[in-house]
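Each remark here refers to the structure printed beneath this line.
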Amino acid sequence: MGLMYNYLRRLAWIQSGLFWRTFFLLALLVTASMTIWFVSIKLLDRKPRAQQLSNQIVSIVTITSAALTHSAEERRKELLIDLARNEGIRIYLLEETDQIDALTENPMLTELRRLVQLKLGKETRFAKSVNGEEGFWVSFKIDDDFFWLRLEQDRLQTEIGWQIASWAATSLVLALIAAALISRRINAPLSDLSAAARQLARGNHPEPLQETGPREIRETNSSFNQMVNDLARIESDRTVILAGISHDLRTPLTRLQLELEMAHLDQHTKESMQTDLHQMDSIIQQFLDYAKPLHESTFSSFNLSILMEHLLFDLGRDQSTVIEAQITPNVYVTGIEIEIKRMLSNIIQNALRYGRNQETQQLSLQIECFSLTSDVQSGASIRFRDFGPGITESEIPRLLRPFTRGDVARSQANGSGLGLAIVDRIVKRHGGSIHIHNHESGGLEIHIELR
């Protein structure tokens, strides 16, 4: 099963690559063209070649028969020796006891036999071996006696030779190499564009694409380069705007907090206003977290197991929280540790707000963390499950969108609707995946894979 799975993965990889698709299409066309050409040559060459070979065989048999018939009896032995030495032609008396191996039948031999028998008679026989001696054997008749005439096999080729076949194979190999070069030449701009797009998706700034080649490639690369520059400018403007928001909003919030401390208000009013100010500061921080860019240059490998144990230790101090955790020791992931911590904290805060039992207001949370494979540094699988009211199935796809909340049961608490959107953003920036669904036994389950 493992070998089959690996084979299917390789096959899927080949099918998904544009280079391989183009190459195999060109290779198929070239191979089909070469095959048709080779078959056509064989079909067109069959009759002329059979005619040529039949004329050659008939001429040899006729001349040999005439020479033997009209030569003096005392000179026949010397004639036979000369024919064998100079022409490779040997004459034997045909006997009924001869051990004969027939020639391998093919369309060329069938046509050759028909033409020879038309001129030498229907009783003419052919063989590839007589009494263990191989060659091209053909029978002929002198008066009432039958004889075998043997020729060397390489003298009469009934099929297209190895030279043509090897030439065709060489041409096919050269054509396939040319197909590979053509495919690479065609797909190189698309491959460069795809690589640059992947870098851009990871938050990096790719090198400008070359604006050369055909008009369509030049226009596409030029548009992509312009888009990259525009995004870089937007990113820079956003950084300035976020810095301004953080300064311009938090400064008056801090001033309000100070004035509130000094104001002569009753304790209930003061606490209510402090809660509002704290919520406003939290919302501002969520905006900044959501918009904050990540850069792979700051990624590092860290122990996810220890990070989760610290978070759960702090969470376990809450008497209204019951935690059931299964965390495999020494599970390492590659990323930004503070961002992964923010991701986990947002999930826990989401469970604290919306995952409590509606009757007892107690939070029961199941947490699992284990390595994806036997290699502890190959990625991690994290699962959170609460035992709260869950959420309507139709609302689940919307949970990861910014500024989106769930149904009424989950929207009673205050919040900006960015908690899970920030989680989704961090997961994707780390090359992972997130799945949210209602557990079959109740409650909401969040499953994250980091690679």
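To be explicit about the labels: the chains of the structure tokens are called A, B, and onward in the order shown, and within each one the residues are counted from 1, while ligands get numbers from 1 in the order they are shown.
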Please return, as number ranges by chain, all residues of range 168-329 of chain A that DSSP assigns to helix (DSSP H, G or I) on the basis of the backbone. A: 168-201, 215-262, 267-291, 296-298, 304-315
Using only C-alpha atoms, which protein or nucleic acid residues come within 7 Å of Ala50 in chain A? Drop anything in the same chain fewer than 3 positions from it, and give the result as a VMD selection string. chain A and resid 46 to 47 53 to 54 108 111 to 112
Residue selection dump (N, CA and C atoms) as a PDB file, in the first residue's frame:
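Listing of selection-v6.pdb after writing:
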ATOM      1  N   ARG A  46       7.359  -2.001 -48.762  1.00  0.00           N
ATOM      2  CA  ARG A  46       7.208  -3.459 -48.819  1.00  0.00           C
ATOM      3  C   ARG A  46       7.173  -3.976 -50.263  1.00  0.00           C
ATOM      4  N   LYS A  47       6.288  -3.438 -51.078  1.00  0.00           N
ATOM      5  CA  LYS A  47       6.165  -3.973 -52.436  1.00  0.00           C
ATOM      6  C   LYS A  47       7.397  -3.700 -53.295  1.00  0.00           C
ATOM      7  N   LEU A  53      13.862  -7.806 -54.331  1.00  0.00           N
ATOM      8  CA  LEU A  53      14.448  -9.049 -53.823  1.00  0.00           C
ATOM      9  C   LEU A  53      14.040 -10.247 -54.675  1.00  0.00           C
ATOM     10  N   SER A  54      12.779 -10.257 -55.127  1.00  0.00           N
ATOM     11  CA  SER A  54      12.330 -11.384 -55.952  1.00  0.00           C
ATOM     12  C   SER A  54      13.085 -11.415 -57.280  1.00  0.00           C
ATOM     13  N   MET A 108       6.085  -9.082 -45.568  1.00  0.00           N
ATOM     14  CA  MET A 108       7.135  -8.949 -46.584  1.00  0.00           C
ATOM     15  C   MET A 108       7.456 -10.306 -47.219  1.00  0.00           C
ATOM     16  N   GLU A 111       4.665 -11.536 -49.622  1.00  0.00           N
ATOM     17  CA  GLU A 111       4.716 -10.883 -50.924  1.00  0.00           C
ATOM     18  C   GLU A 111       5.898 -11.403 -51.742  1.00  0.00           C
ATOM     19  N   LEU A 112       7.040 -11.630 -51.070  1.00  0.00           N
ATOM     20  CA  LEU A 112       8.223 -12.138 -51.768  1.00  0.00           C
ATOM     21  C   LEU A 112       7.985 -13.538 -52.310  1.00  0.00           C
TER      22      LEU A 112
END
Which residues are near Ser59 in chain A? Cut-off 12 Å, only C-alpha atoms, ignore same chain within fewer than 5 positions. Put them as number ranges by chain. A: 52-54, 64-67, 116, 119-120, 140
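Between CA of Ile323 in chain A and CA of Gln366 in chain A the separation is 6.0 Å.
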